[in-house]
Structures are given as structure tokens and as C-alpha cells.
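Structure file start03.tsv (TSV, C-alpha atoms) is printed below.
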chain	number	residue	atom	x	y	z
A	1	MET	CA	5.99	18.61	3.07
A	2	ASP	CA	7.17	20.97	0.33
A	3	ALA	CA	6.57	24.49	1.64
A	4	LYS	CA	7.33	26.14	-1.69
A	5	HIS	CA	4.87	23.90	-3.52
A	6	LEU	CA	2.18	24.53	-0.89
A	7	GLN	CA	2.62	28.30	-1.20
A	8	GLN	CA	2.47	28.10	-5.00
A	9	THR	CA	-0.72	26.04	-4.73
A	10	ILE	CA	-2.59	28.56	-2.58
A	11	GLU	CA	-1.41	31.43	-4.76
A	12	SER	CA	-2.77	29.60	-7.83
A	13	ILE	CA	-6.22	29.49	-6.22
A	14	ILE	CA	-6.70	33.25	-6.25
A	15	ASP	CA	-8.94	34.39	-9.12
A	16	SER	CA	-11.73	36.86	-9.81
A	17	GLY	CA	-14.08	35.15	-7.34
A	18	ILE	CA	-11.73	33.92	-4.62
A	19	ILE	CA	-10.14	36.95	-2.98
A	20	GLY	CA	-7.93	35.30	-0.37
A	21	VAL	CA	-6.94	31.95	1.08
A	22	THR	CA	-5.08	30.67	4.12
A	23	ALA	CA	-4.00	27.08	4.65
A	24	ARG	CA	-2.52	24.96	7.43
A	25	VAL	CA	-0.90	21.55	6.83
A	26	THR	CA	0.47	19.19	9.48
A	27	ASP	CA	2.29	15.89	9.02
A	28	ALA	CA	5.21	13.97	10.48
A	29	HIS	CA	7.55	16.82	9.49
A	30	GLY	CA	5.68	19.51	11.42
A	31	GLU	CA	3.25	22.29	10.54
A	32	TRP	CA	3.12	24.74	7.63
A	33	THR	CA	0.87	27.79	7.35
A	34	GLY	CA	0.49	30.13	4.42
A	35	SER	CA	-1.64	32.96	3.10
A	36	ALA	CA	-2.30	34.39	-0.36
A	37	GLY	CA	-4.46	37.01	-1.99
A	38	ALA	CA	-6.16	39.74	0.05
A	39	ALA	CA	-8.17	40.05	3.24
A	40	ALA	CA	-10.57	42.47	1.54
A	41	LEU	CA	-11.41	43.78	-1.92
A	42	GLY	CA	-8.95	46.48	-2.92
A	43	ALA	CA	-6.65	45.73	0.02
A	44	ASP	CA	-2.98	44.78	-0.02
A	45	ALA	CA	-2.88	42.86	3.26
A	46	LYS	CA	-3.16	39.08	3.01
A	47	PRO	CA	-5.85	37.22	4.95
A	48	PRO	CA	-4.76	36.60	8.57
A	49	VAL	CA	-3.40	33.09	8.98
A	50	ASP	CA	-5.13	32.82	12.37
A	51	GLY	CA	-8.28	34.64	11.26
A	52	HIS	CA	-11.82	33.66	12.20
A	53	ILE	CA	-13.93	32.16	9.43
A	54	ARG	CA	-17.53	31.05	8.99
A	55	ILE	CA	-17.05	27.30	8.53
A	56	GLY	CA	-20.40	26.41	6.93
A	57	SER	CA	-21.17	22.70	6.76
A	58	ASN	CA	-18.11	21.72	8.77
A	59	THR	CA	-20.59	22.46	11.57
A	60	LYS	CA	-22.20	19.11	10.75
A	61	THR	CA	-19.07	17.22	11.79
A	62	PHE	CA	-19.03	18.96	15.17
A	63	THR	CA	-22.74	18.21	15.64
A	64	ALA	CA	-22.33	14.54	14.68
A	65	THR	CA	-19.36	14.22	17.03
A	66	MET	CA	-21.38	15.57	19.95
A	67	VAL	CA	-24.25	13.19	19.22
A	68	LEU	CA	-21.83	10.25	19.15
A	69	GLN	CA	-20.23	11.41	22.39
A	70	LEU	CA	-23.70	11.40	24.00
A	71	VAL	CA	-24.19	7.88	22.63
A	72	ALA	CA	-20.92	6.94	24.35
A	73	GLU	CA	-22.27	8.44	27.59
A	74	GLY	CA	-25.44	6.35	27.27
A	75	ARG	CA	-27.69	9.40	26.87
A	76	LEU	CA	-29.21	8.12	23.60
A	77	GLY	CA	-28.71	5.36	21.02
A	78	LEU	CA	-27.82	5.51	17.34
A	79	ASP	CA	-30.84	3.40	16.51
A	80	ASP	CA	-33.26	5.30	18.76
A	81	PRO	CA	-36.28	6.68	16.90
A	82	VAL	CA	-35.89	10.46	16.73
A	83	ALA	CA	-39.60	10.77	17.58
A	84	ALA	CA	-38.97	9.14	20.98
A	85	HIS	CA	-36.84	12.13	22.00
A	86	LEU	CA	-38.60	14.89	20.00
A	87	PRO	CA	-42.25	13.80	19.94
A	88	GLU	CA	-43.63	17.30	19.31
A	89	PHE	CA	-42.39	17.44	15.70
A	90	GLY	CA	-44.25	14.44	14.34
A	91	VAL	CA	-41.11	12.85	12.88
A	92	ASP	CA	-41.72	9.57	11.04
A	93	ALA	CA	-41.29	6.83	13.67
A	94	ARG	CA	-38.96	4.92	11.32
A	95	ILE	CA	-36.34	7.70	11.31
A	96	THR	CA	-33.43	6.97	13.65
A	97	VAL	CA	-30.63	9.08	15.06
A	98	ARG	CA	-28.24	7.22	12.74
A	99	MET	CA	-30.32	8.26	9.70
A	100	LEU	CA	-30.03	11.93	10.67
A	101	LEU	CA	-26.24	11.79	10.90
A	102	GLN	CA	-25.96	9.62	7.78
A	103	GLN	CA	-28.27	11.85	5.68
A	104	THR	CA	-30.57	8.92	4.91
A	105	SER	CA	-33.76	10.09	6.64
A	106	GLY	CA	-35.32	11.43	3.42
A	107	LEU	CA	-36.54	14.56	5.21
A	108	PHE	CA	-37.18	17.68	3.13
A	109	ASN	CA	-34.28	20.12	3.26
A	110	PHE	CA	-35.58	23.35	4.80
A	111	THR	CA	-33.12	25.35	2.67
A	112	GLY	CA	-34.86	23.98	-0.44
A	113	GLU	CA	-34.75	20.93	-2.67
A	114	VAL	CA	-33.72	20.43	-6.29
A	115	TYR	CA	-35.25	17.22	-7.65
A	116	GLU	CA	-34.00	14.86	-10.35
A	117	ASP	CA	-36.42	16.30	-12.91
A	118	GLY	CA	-34.98	19.80	-12.35
A	119	SER	CA	-37.93	21.08	-10.32
A	120	ILE	CA	-37.19	23.27	-7.30
A	121	VAL	CA	-39.16	23.52	-4.06
A	122	LEU	CA	-38.12	26.51	-2.00
A	123	GLY	CA	-37.73	26.60	1.75
A	124	VAL	CA	-36.46	29.39	3.98
A	125	PRO	CA	-34.88	32.28	1.97
A	126	VAL	CA	-31.27	31.37	1.20
A	127	PRO	CA	-28.42	33.24	-0.54
A	128	TYR	CA	-28.49	30.99	-3.60
A	129	GLY	CA	-31.13	30.71	-6.29
A	130	PRO	CA	-34.30	32.79	-6.55
A	131	GLY	CA	-34.28	33.69	-2.84
A	132	GLY	CA	-30.91	35.46	-2.96
A	133	GLU	CA	-32.16	39.03	-2.82
A	134	ALA	CA	-34.65	38.20	-0.06
A	135	TRP	CA	-31.81	36.66	1.97
A	136	LEU	CA	-29.61	39.72	1.42
A	137	ASP	CA	-32.33	42.12	2.55
A	138	ASP	CA	-33.07	39.99	5.62
A	139	ARG	CA	-29.57	38.76	6.46
A	140	PHE	CA	-29.75	39.88	10.09
A	141	LYS	CA	-33.00	38.02	10.79
A	142	SER	CA	-32.88	35.40	13.54
A	143	TYR	CA	-34.52	31.98	13.07
A	144	ARG	CA	-35.17	29.43	15.79
A	145	PRO	CA	-34.09	25.84	15.02
A	146	GLN	CA	-37.60	24.69	15.94
A	147	GLU	CA	-39.22	26.77	13.19
A	148	LEU	CA	-36.77	25.43	10.59
A	149	ALA	CA	-37.59	21.87	11.63
A	150	GLU	CA	-41.32	22.60	11.52
A	151	LEU	CA	-41.02	24.10	8.03
A	152	ALA	CA	-39.25	20.98	6.76
A	153	LEU	CA	-41.56	18.50	8.42
A	154	ALA	CA	-44.59	20.21	6.91
A	155	ARG	CA	-43.28	19.23	3.43
A	156	PRO	CA	-43.37	15.77	1.82
A	157	PRO	CA	-40.17	13.75	2.35
A	158	ARG	CA	-37.81	13.17	-0.54
A	159	PHE	CA	-37.89	9.39	-0.02
A	160	ALA	CA	-38.86	6.83	2.62
A	161	PRO	CA	-36.51	6.59	5.64
A	162	GLY	CA	-33.35	4.65	4.82
A	163	GLU	CA	-34.21	4.29	1.13
A	164	GLY	CA	-31.69	6.76	-0.27
A	165	TRP	CA	-29.10	9.44	0.49
A	166	SER	CA	-29.78	13.17	0.29
A	167	TYR	CA	-27.86	16.06	1.83
A	168	SER	CA	-30.42	17.79	4.05
A	169	ASN	CA	-29.74	20.51	6.61
A	170	THR	CA	-32.94	19.39	8.37
A	171	ASN	CA	-31.16	16.29	9.65
A	172	TYR	CA	-28.63	18.37	11.53
A	173	VAL	CA	-31.10	20.86	12.97
A	174	LEU	CA	-32.94	17.88	14.45
A	175	ALA	CA	-29.59	16.53	15.70
A	176	ARG	CA	-28.95	19.85	17.46
A	177	LEU	CA	-32.40	19.74	19.01
A	178	LEU	CA	-31.67	16.19	20.17
A	179	ILE	CA	-28.46	17.31	21.87
A	180	GLU	CA	-30.31	20.04	23.73
A	181	ARG	CA	-33.24	17.77	24.65
A	182	VAL	CA	-31.24	14.88	26.11
A	183	THR	CA	-28.79	17.13	27.99
A	184	GLY	CA	-31.07	19.99	28.99
A	185	ARG	CA	-28.29	22.40	27.97
A	186	SER	CA	-27.59	24.63	24.98
A	187	VAL	CA	-25.57	23.24	22.10
A	188	GLN	CA	-22.84	25.82	22.83
A	189	ALA	CA	-22.60	24.58	26.42
A	190	GLU	CA	-22.35	20.96	25.27
A	191	LEU	CA	-19.81	21.88	22.59
A	192	GLU	CA	-17.70	23.53	25.29
A	193	ARG	CA	-17.98	20.49	27.59
A	194	LEU	CA	-17.45	17.77	25.02
A	195	VAL	CA	-15.04	19.31	22.48
A	196	LEU	CA	-13.72	22.82	23.04
A	197	ALA	CA	-12.54	22.63	26.64
A	198	PRO	CA	-10.93	19.17	26.37
A	199	LEU	CA	-9.04	20.21	23.23
A	200	GLY	CA	-8.23	23.78	24.27
A	201	MET	CA	-10.09	25.28	21.30
A	202	ALA	CA	-10.61	28.93	22.27
A	203	HIS	CA	-11.71	30.35	18.89
A	204	THR	CA	-14.71	28.19	17.95
A	205	VAL	CA	-18.29	29.27	18.65
A	206	VAL	CA	-21.91	28.69	17.74
A	207	PRO	CA	-22.87	32.34	17.04
A	208	THR	CA	-26.10	33.85	18.33
A	209	ASP	CA	-25.93	37.05	16.27
A	210	ALA	CA	-24.32	38.57	13.17
A	211	GLU	CA	-20.89	39.27	14.64
A	212	ILE	CA	-17.55	37.58	13.94
A	213	ALA	CA	-14.48	38.17	16.10
A	214	GLU	CA	-11.35	39.90	14.87
A	215	PRO	CA	-9.17	39.19	13.05
A	216	HIS	CA	-10.98	38.00	9.92
A	217	ALA	CA	-11.04	38.41	6.18
A	218	ARG	CA	-14.05	40.13	4.60
A	219	ALA	CA	-16.93	38.31	2.91
A	220	TYR	CA	-18.90	39.66	-0.08
A	221	TYR	CA	-22.11	39.06	-2.02
A	222	ARG	CA	-22.78	40.36	-5.52
A	223	ASN	CA	-26.35	41.50	-6.14
A	224	GLY	CA	-26.76	42.80	-9.68
A	225	GLU	CA	-24.30	45.66	-10.12
A	226	ASP	CA	-23.66	45.97	-6.38
A	227	THR	CA	-21.10	44.08	-4.31
A	228	VAL	CA	-22.15	44.06	-0.66
A	229	ASP	CA	-19.92	43.38	2.33
A	230	VAL	CA	-21.72	40.56	4.19
A	231	THR	CA	-19.04	39.81	6.78
A	232	ARG	CA	-21.70	40.58	9.37
A	233	GLN	CA	-24.62	38.18	8.79
A	234	ASN	CA	-26.87	36.09	11.00
A	235	PRO	CA	-26.34	32.43	10.06
A	236	SER	CA	-29.36	31.15	12.00
A	237	TRP	CA	-31.16	30.53	8.68
A	238	VAL	CA	-29.00	27.40	8.30
A	239	SER	CA	-28.57	26.60	12.03
A	240	ALA	CA	-26.65	23.37	12.68
A	241	GLY	CA	-26.46	22.85	8.94
A	242	GLY	CA	-23.60	25.37	8.87
A	243	ASP	CA	-23.58	28.29	11.33
A	244	MET	CA	-20.35	27.89	13.32
A	245	ILE	CA	-17.25	30.13	13.37
A	246	SER	CA	-13.71	28.80	13.88
A	247	THR	CA	-10.10	29.16	12.68
A	248	THR	CA	-7.84	26.91	10.63
A	249	ALA	CA	-5.86	26.17	13.82
A	250	ASP	CA	-8.95	25.09	15.77
A	251	LEU	CA	-10.23	23.06	12.81
A	252	ARG	CA	-6.87	21.33	12.62
A	253	THR	CA	-6.99	20.54	16.35
A	254	PHE	CA	-10.52	19.16	16.00
A	255	ILE	CA	-10.07	16.96	12.92
A	256	ALA	CA	-6.72	15.63	14.20
A	257	ALA	CA	-8.30	14.68	17.53
A	258	LEU	CA	-11.35	13.15	15.85
A	259	THR	CA	-9.38	11.00	13.41
A	260	GLY	CA	-6.66	10.28	15.98
A	261	GLY	CA	-9.16	8.71	18.39
A	262	ASP	CA	-9.16	11.35	21.12
A	263	LEU	CA	-12.87	12.26	20.96
A	264	LEU	CA	-14.72	8.97	20.42
A	265	PRO	CA	-14.41	5.34	21.52
A	266	ALA	CA	-12.98	3.13	18.79
A	267	GLU	CA	-16.30	1.49	17.91
A	268	LEU	CA	-18.10	4.81	17.45
A	269	ARG	CA	-15.18	6.29	15.52
A	270	GLU	CA	-15.43	3.28	13.20
A	271	GLU	CA	-19.19	3.87	12.83
A	272	MET	CA	-18.54	7.50	11.97
A	273	PHE	CA	-15.99	6.70	9.28
A	274	THR	CA	-17.86	3.77	7.71
A	275	PRO	CA	-18.82	5.02	4.23
A	276	ARG	CA	-22.23	4.83	2.58
A	277	PRO	CA	-22.59	5.51	-1.16
A	278	THR	CA	-23.90	8.98	-2.01
A	279	GLY	CA	-23.99	8.70	-5.77
A	280	ILE	CA	-21.11	11.21	-5.96
A	281	PRO	CA	-17.99	9.56	-7.45
A	282	GLY	CA	-15.20	9.21	-4.88
A	283	MET	CA	-17.31	10.79	-2.13
A	284	ASP	CA	-19.09	8.48	0.29
A	285	TYR	CA	-20.64	9.64	3.56
A	286	GLY	CA	-20.27	8.31	7.07
A	287	LEU	CA	-21.85	9.99	10.09
A	288	GLY	CA	-21.21	13.71	9.62
A	289	VAL	CA	-18.12	13.23	7.45
A	290	PHE	CA	-17.34	12.56	3.82
A	291	VAL	CA	-15.06	9.60	3.20
A	292	LEU	CA	-13.09	10.50	0.09
A	293	THR	CA	-11.04	8.33	-2.22
A	294	THR	CA	-8.29	10.27	-3.96
A	295	ALA	CA	-7.11	9.66	-7.52
A	296	ASP	CA	-4.24	7.66	-5.99
A	297	GLY	CA	-6.63	5.45	-4.04
A	298	ALA	CA	-5.97	6.98	-0.62
A	299	THR	CA	-8.79	7.45	1.90
A	300	VAL	CA	-9.31	10.93	3.37
A	301	ILE	CA	-11.81	11.97	6.05
A	302	SER	CA	-13.29	15.36	5.21
A	303	HIS	CA	-15.97	17.96	5.42
A	304	ASN	CA	-16.04	21.32	3.72
A	305	GLY	CA	-18.41	24.22	4.06
A	306	ALA	CA	-19.32	27.62	2.66
A	307	SER	CA	-21.21	30.45	4.30
A	308	VAL	CA	-21.81	33.38	1.92
A	309	GLY	CA	-18.41	34.86	1.18
A	310	HIS	CA	-16.48	32.59	3.54
A	311	ALA	CA	-15.55	28.93	3.13
A	312	ALA	CA	-13.57	26.38	5.11
A	313	LEU	CA	-11.91	23.09	4.14
A	314	MET	CA	-11.06	20.28	6.56
A	315	TYR	CA	-9.23	17.06	5.60
A	316	ALA	CA	-7.35	14.37	7.51
A	317	ALA	CA	-5.82	10.97	7.05
A	318	PRO	CA	-7.99	8.35	8.82
A	319	ASP	CA	-5.42	8.06	11.63
A	320	GLY	CA	-4.90	11.83	11.97
A	321	SER	CA	-1.25	11.65	10.86
A	322	LYS	CA	-1.76	14.32	8.20
A	323	THR	CA	-4.25	17.20	8.15
A	324	LEU	CA	-5.17	20.08	5.89
A	325	THR	CA	-7.41	22.96	6.93
A	326	ALA	CA	-8.00	26.06	4.85
A	327	ALA	CA	-10.10	29.22	4.78
A	328	LEU	CA	-11.26	31.22	1.77
A	329	ASN	CA	-12.91	34.59	1.43
A	330	CYS	CA	-14.72	35.28	-1.81
A	331	VAL	CA	-17.46	37.11	-3.70
A	332	ASP	CA	-20.63	35.02	-3.63
A	333	ASP	CA	-23.83	35.52	-5.59
A	334	ALA	CA	-27.23	33.92	-6.12
A	335	ASN	CA	-25.97	32.00	-9.16
A	336	LEU	CA	-23.10	30.33	-7.27
A	337	THR	CA	-20.69	31.77	-9.83
A	338	VAL	CA	-17.72	31.07	-7.56
A	339	ALA	CA	-18.60	27.36	-7.22
A	340	ALA	CA	-16.33	26.16	-10.04
A	341	ALA	CA	-13.35	28.06	-8.63
A	342	PHE	CA	-14.13	26.74	-5.14
A	343	LYS	CA	-14.26	23.16	-6.41
A	344	GLY	CA	-10.98	23.66	-8.23
A	345	ALA	CA	-9.39	25.07	-5.08
A	346	GLN	CA	-10.47	22.03	-3.09
A	347	GLN	CA	-9.07	19.66	-5.70
A	348	ARG	CA	-5.71	21.42	-6.00
A	349	LEU	CA	-5.21	21.50	-2.24
A	350	LEU	CA	-6.28	17.88	-1.83
A	351	GLU	CA	-3.94	16.67	-4.58
A	352	THR	CA	-1.03	18.75	-3.27
A	353	VAL	CA	-1.30	17.51	0.32
A	354	PHE	CA	-2.68	13.98	-0.05
A	355	GLY	CA	-1.50	13.03	-3.56
A	356	ALA	CA	1.13	10.36	-4.12
A	357	ALA	CA	3.78	12.97	-4.95
Please go through the file and, once you have read it, give me the structure as C-alpha cells.
Amino acid sequence: MDAKHLQQTIESIIDSGIIGVTARVTDAHGEWTGSAGAAALGADAKPPVDGHIRIGSNTKTFTATMVLQLVAEGRLGLDDPVAAHLPEFGVDARITVRMLLQQTSGLFNFTGEVYEDGSIVLGVPVPYGPGGEAWLDDRFKSYRPQELAELALARPPRFAPGEGWSYSNTNYVLARLLIERVTGRSVQAELERLVLAPLGMAHTVVPTDAEIAEPHARAYYRNGEDTVDVTRQNPSWVSAGGDMISTTADLRTFIAALTGGDLLPAELREEMFTPRPTGIPGMDYGLGVFVLTTADGATVISHNGASVGHAALMYAAPDGSKTLTAALNCVDDANLTVAAAFKGAQQRLLETVFGAA
């Protein structure tokens, strides 16, 4: 790896929306970590390389992994009807566990849907779109996963089960409820048993309140003329769709173990990484992971996530021989103004680490 080039890449990511970035790269030559920008607006200190970060939709990969581990233990099957385990929700009997993890159930997304004709159907108040101010005012509110599932299942599905692909947080809330139903334990307890303890990951949690452990970079949200520090926020509004907290070191440990075959039997690992078209060029989806094809034709296993002022990136070669994890702190807003810079940051990091050069 070229340490100078990696440092230049993360420094190039800093702009008016992205305040700070840390990155961690491992390959056959060892490990590199770097930091650029600032930990907080107006501060000189860089973000802490080992800082805690809200990892957003990377949570889905952890959730999918736990479900597959329970499949390996014989506690449930990938082709089990979800309704057989969670009968109280009235889930369509055709929807299977596999469809939840693969995002092919067609279930309404409780955080809202944007349809092909441009129409929007709102769900629970979220930071983006017309519900932004309501989310900001109520950002310490606690939601139960059950009420999010009930909200979604009261709405018409986007399509019939198995007839399409649509990224829906509802699938992963139901997956979390499945984990808790078949084990009789909380998702945090199962995460500890199945992933954290075996891998020695001491800095990854499913939060139950608005707190985030030190050290961490600050997260911000712009509302009109005001920029609000939202480092403290209750992520229960998204639940298993993206509520977890981790570090780049723990994410590296997790994705390396997952791709390297340490968490799942070979047949279930293959199921997880088998791609299904999403309609997004170069981005297919397996079970809780994106299967990317780079411009050079290489395959990369990935998931990324954002959580209002924080974001996390997680990439690995399919055999775990190379990994990239990164954390960003930024200024978010209801219009997703930072989205273009975030996408550019992802692309630059991906090309730098996994490109042919």
C-alpha cells in the first residue's frame, strides 16, 4: 500500500460538508491508519483514528450475519416464511427470511418511499426530506422495533414478494425481531454471543439511548440558518436499519472475519455473497451486503451507512485479504446536500485501495 497516496486521498475528501475523515486499510503489507480534517467545526484537532462512529446501514450486515449464524445453528431456515415465526404482524405468507435479507420482500419502507413517478409516501419522521425539522425536534424520542414494523405493514407493499428489489429498512427490523423471537434474547446479547465476543470486538454496540462513547468526532445538522450539534441522538427511529455504533478497527475486524470465512460456514457465506441485480450499475446485493464491481472488474464486498452527521464505509476483498474501513463526520441537512461529496469520497477511497494501480 502507498501510505502517502492514502493520506493524500483522505485529505482530498475534506470539503464544506465533510468535516473530518479517518481511514484504516489492511493488506498483505500490514495496516495503515490515517486522519484528516477536524473532529469538530472550528477545531484544529483531527478526528480520532480509533473514535466511535454511528455506522448507519452497516448495521444491516451485522443483522444478516446473525440471522445466517442462527440458520447454521438450525434455529431457523432461509426459506422459512417470516409469518411462521412472527405471526402477530400479519406478514404476507409468501415472504421468506431470505427475502428480508435480500431486500426482495416488497415491504413498505417505514422511513418512507419514493416511487418511480416521483411521488413520496412518508413514514416515521426522518432527518431527510419534509420530515427533517420534526426529526430534529424529536431526535431523543425512543421507538420500539414492533411499532416500526406495524407502521410499515399497515401500508401497501411496493411489489409482490420476490418480484423486485427495493432497499427497505422494514426488512431488517423484522430480521431483528426474528433474532429475538427464535433465541428469546435481546439482539445485543446475541450480537455479543455470535460476533463480538468471538472476535474480541469491544467497541461495537446496539445503543439503547442517545449516547455515544468517547472518543468521537462531532456530528451536525443544518436547519435553516442554524447548525445543530446532533452527536447525541436516539437512532431507534431506524432500528436495525442503521442504529449501531462501532469503530473503524472493529469494522475491519468484522468484515475481515466475515469475508475470510471465520463467521459463517462456507455454504452460507456463498449464499450471502451471491449477487442479485438491484438496478444500480455495478452494485448488486447479496444477503445484507452489496457486491460491487469496480471499474477494473474486481469484486468487492461492501456496505456503507450514514446516520445524521456520521458515516461509515466498509469494504473487503471476497477472501478478506484486503479491507478498507472509514469514518466521516459531516454537516447533514434535510436536502441531503452532503450526498454528492459523500459519494465522491466513497469512490475515491474505493479506487485508491481496490483499483488496479
- request: Using only C-alpha atoms, determine which residues lie at most 12 Å from Arg94 in chain A, disregarding the query and same-chain residues fewer than 5 positions distant; provide the list as a list of chain:residue names.
  value: A:Asp79, A:Asp80, A:Pro81, A:Val82, A:Ala83, A:Ala84, A:Met99, A:Leu100, A:Thr104, A:Ser105, A:Gly106, A:Leu107, A:Ala160, A:Pro161, A:Gly162, A:Glu163
Could you save those same residues with C-alpha atoms as a tab-separated table (two decimals), keeping the file's coordinate frame?
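Result saved to result_39.tsv:
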chain	number	residue	atom	x	y	z
A	79	ASP	CA	-30.84	3.40	16.51
A	80	ASP	CA	-33.26	5.30	18.76
A	81	PRO	CA	-36.28	6.68	16.90
A	82	VAL	CA	-35.89	10.46	16.73
A	83	ALA	CA	-39.60	10.77	17.58
A	84	ALA	CA	-38.97	9.14	20.98
A	99	MET	CA	-30.32	8.26	9.70
A	100	LEU	CA	-30.03	11.93	10.67
A	104	THR	CA	-30.57	8.92	4.91
A	105	SER	CA	-33.76	10.09	6.64
A	106	GLY	CA	-35.32	11.43	3.42
A	107	LEU	CA	-36.54	14.56	5.21
A	160	ALA	CA	-38.86	6.83	2.62
A	161	PRO	CA	-36.51	6.59	5.64
A	162	GLY	CA	-33.35	4.65	4.82
A	163	GLU	CA	-34.21	4.29	1.13
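Proximity of A:Ala210, A:Leu350, A:Val114, A:Ala72 to Asp138 in chain A, computed with all atoms listed in the file, is greatest for A:Ala210.
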message: Need the shell around range 295-306 of chain A: protein/DNA/RNA residues with any atom at most 9 Å away, counting only C-alpha atoms. Skip same-chain ones fewer than 3 positions apart. Format as a PyMOL selection string?
response: chain A and resi 54-61+242+255+259+273+282+288-292+309-318+328+346+351+354-356
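Between Arg218 in chain A and the residues A:Asn329, A:Gln8, A:Thr26, A:Asn109, the shortest atom-to-atom distance, using all atoms listed in the file, involves A:Asn329.
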message: Restricting the calculation to all atoms listed in the file: of A:Asp50, A:Glu214, A:Asp319, A:Glu150, which residue gets closest to Thr231 in chain A?
response: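 Of all the options, A:Glu214 lies closest to Thr231 in chain A.
Closest approach to Thr170 in chain A among A:Trp135, A:Tyr221, A:Phe89, A:Phe110: A:Phe110, based on only C-alpha atoms.
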task: With a distance cut-off of 12 Å and all atoms listed in the file, select the neighbouring residues of Tyr115 in chain A, excluding the residue or stretch itself and same-chain residues fewer than 6 positions from it, and output the selection as a PyMOL selection string.
output: chain A and resi 108-109+121-122+157-159+166
Within 8 Å of Thr274 in chain A using only C-alpha atoms, minus same-chain residues under 5 positions, as a short mmCIF file (atom, residue, chain, number, x, y, z; two decimals) with C-alpha atoms, in the coordinates of the input:
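Written file, out39.cif:
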data_model
loop_
_atom_site.label_atom_id
_atom_site.label_comp_id
_atom_site.auth_asym_id
_atom_site.auth_seq_id
_atom_site.Cartn_x
_atom_site.Cartn_y
_atom_site.Cartn_z
CA TYR A 285 -20.64 9.64 3.56
CA GLY A 286 -20.27 8.31 7.07
CA LEU A 287 -21.85 9.99 10.09
CA VAL A 291 -15.06 9.60 3.20
#
- request: Determine the nearest neighbour of Ala339 in chain A from the options A:Ile18, A:Val187, A:Leu148, A:Val182, counting all atoms listed in the file.
  value: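 Smallest distance to Ala339 in chain A is found for A:Ile18.
Remark: for Ala175 in chain A, the closest of the candidate residues A:Ala64, A:Leu191, A:Ala217, A:Ile245 is A:Ala64 (distances computed over only C-alpha atoms).
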field: Separation of CA of Pro215 in chain A from CA of Gly51 in chain A, in Å and rounded to one decimal
entry: 5.0 Å
Regenerate range 200-206 of chain A at the level of all heavy atoms and dump it as a short mmCIF file (atom, residue, chain, number, x, y, z; two decimals), keeping the file's coordinate frame.
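Final output, saved to rebuild39.cif:
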data_model
loop_
_atom_site.label_atom_id
_atom_site.label_comp_id
_atom_site.auth_asym_id
_atom_site.auth_seq_id
_atom_site.Cartn_x
_atom_site.Cartn_y
_atom_site.Cartn_z
N GLY A 200 -8.82 22.44 24.18
CA GLY A 200 -8.23 23.78 24.27
C GLY A 200 -8.52 24.66 23.07
O GLY A 200 -7.70 25.49 22.69
N MET A 201 -9.70 24.50 22.49
CA MET A 201 -10.09 25.28 21.30
C MET A 201 -10.80 26.56 21.76
O MET A 201 -11.98 26.54 22.12
CB MET A 201 -11.00 24.44 20.40
CG MET A 201 -10.30 23.25 19.78
SD MET A 201 -11.43 22.08 18.96
CE MET A 201 -12.23 23.14 17.75
N ALA A 202 -10.09 27.68 21.72
CA ALA A 202 -10.61 28.93 22.27
C ALA A 202 -11.27 29.83 21.23
O ALA A 202 -11.79 30.89 21.58
CB ALA A 202 -9.48 29.69 22.96
N HIS A 203 -11.25 29.43 19.95
CA HIS A 203 -11.71 30.35 18.89
C HIS A 203 -12.85 29.76 18.06
O HIS A 203 -13.04 30.15 16.90
CB HIS A 203 -10.53 30.72 17.99
CG HIS A 203 -9.39 31.34 18.74
ND1 HIS A 203 -9.44 32.60 19.26
CD2 HIS A 203 -8.18 30.82 19.08
CE1 HIS A 203 -8.30 32.87 19.88
NE2 HIS A 203 -7.52 31.81 19.78
N THR A 204 -13.60 28.83 18.65
CA THR A 204 -14.71 28.19 17.95
C THR A 204 -15.99 28.45 18.70
O THR A 204 -16.06 28.21 19.92
CB THR A 204 -14.45 26.68 17.83
OG1 THR A 204 -13.24 26.48 17.08
CG2 THR A 204 -15.60 25.98 17.12
N VAL A 205 -17.03 28.93 17.99
CA VAL A 205 -18.29 29.27 18.65
C VAL A 205 -19.48 28.91 17.76
O VAL A 205 -19.36 28.81 16.54
CB VAL A 205 -18.39 30.78 19.00
CG1 VAL A 205 -17.30 31.18 19.98
CG2 VAL A 205 -18.32 31.63 17.73
N VAL A 206 -20.63 28.73 18.42
CA VAL A 206 -21.91 28.69 17.74
C VAL A 206 -22.49 30.10 17.91
O VAL A 206 -22.92 30.47 19.00
CB VAL A 206 -22.86 27.66 18.38
CG1 VAL A 206 -24.20 27.66 17.66
CG2 VAL A 206 -22.24 26.27 18.35
#
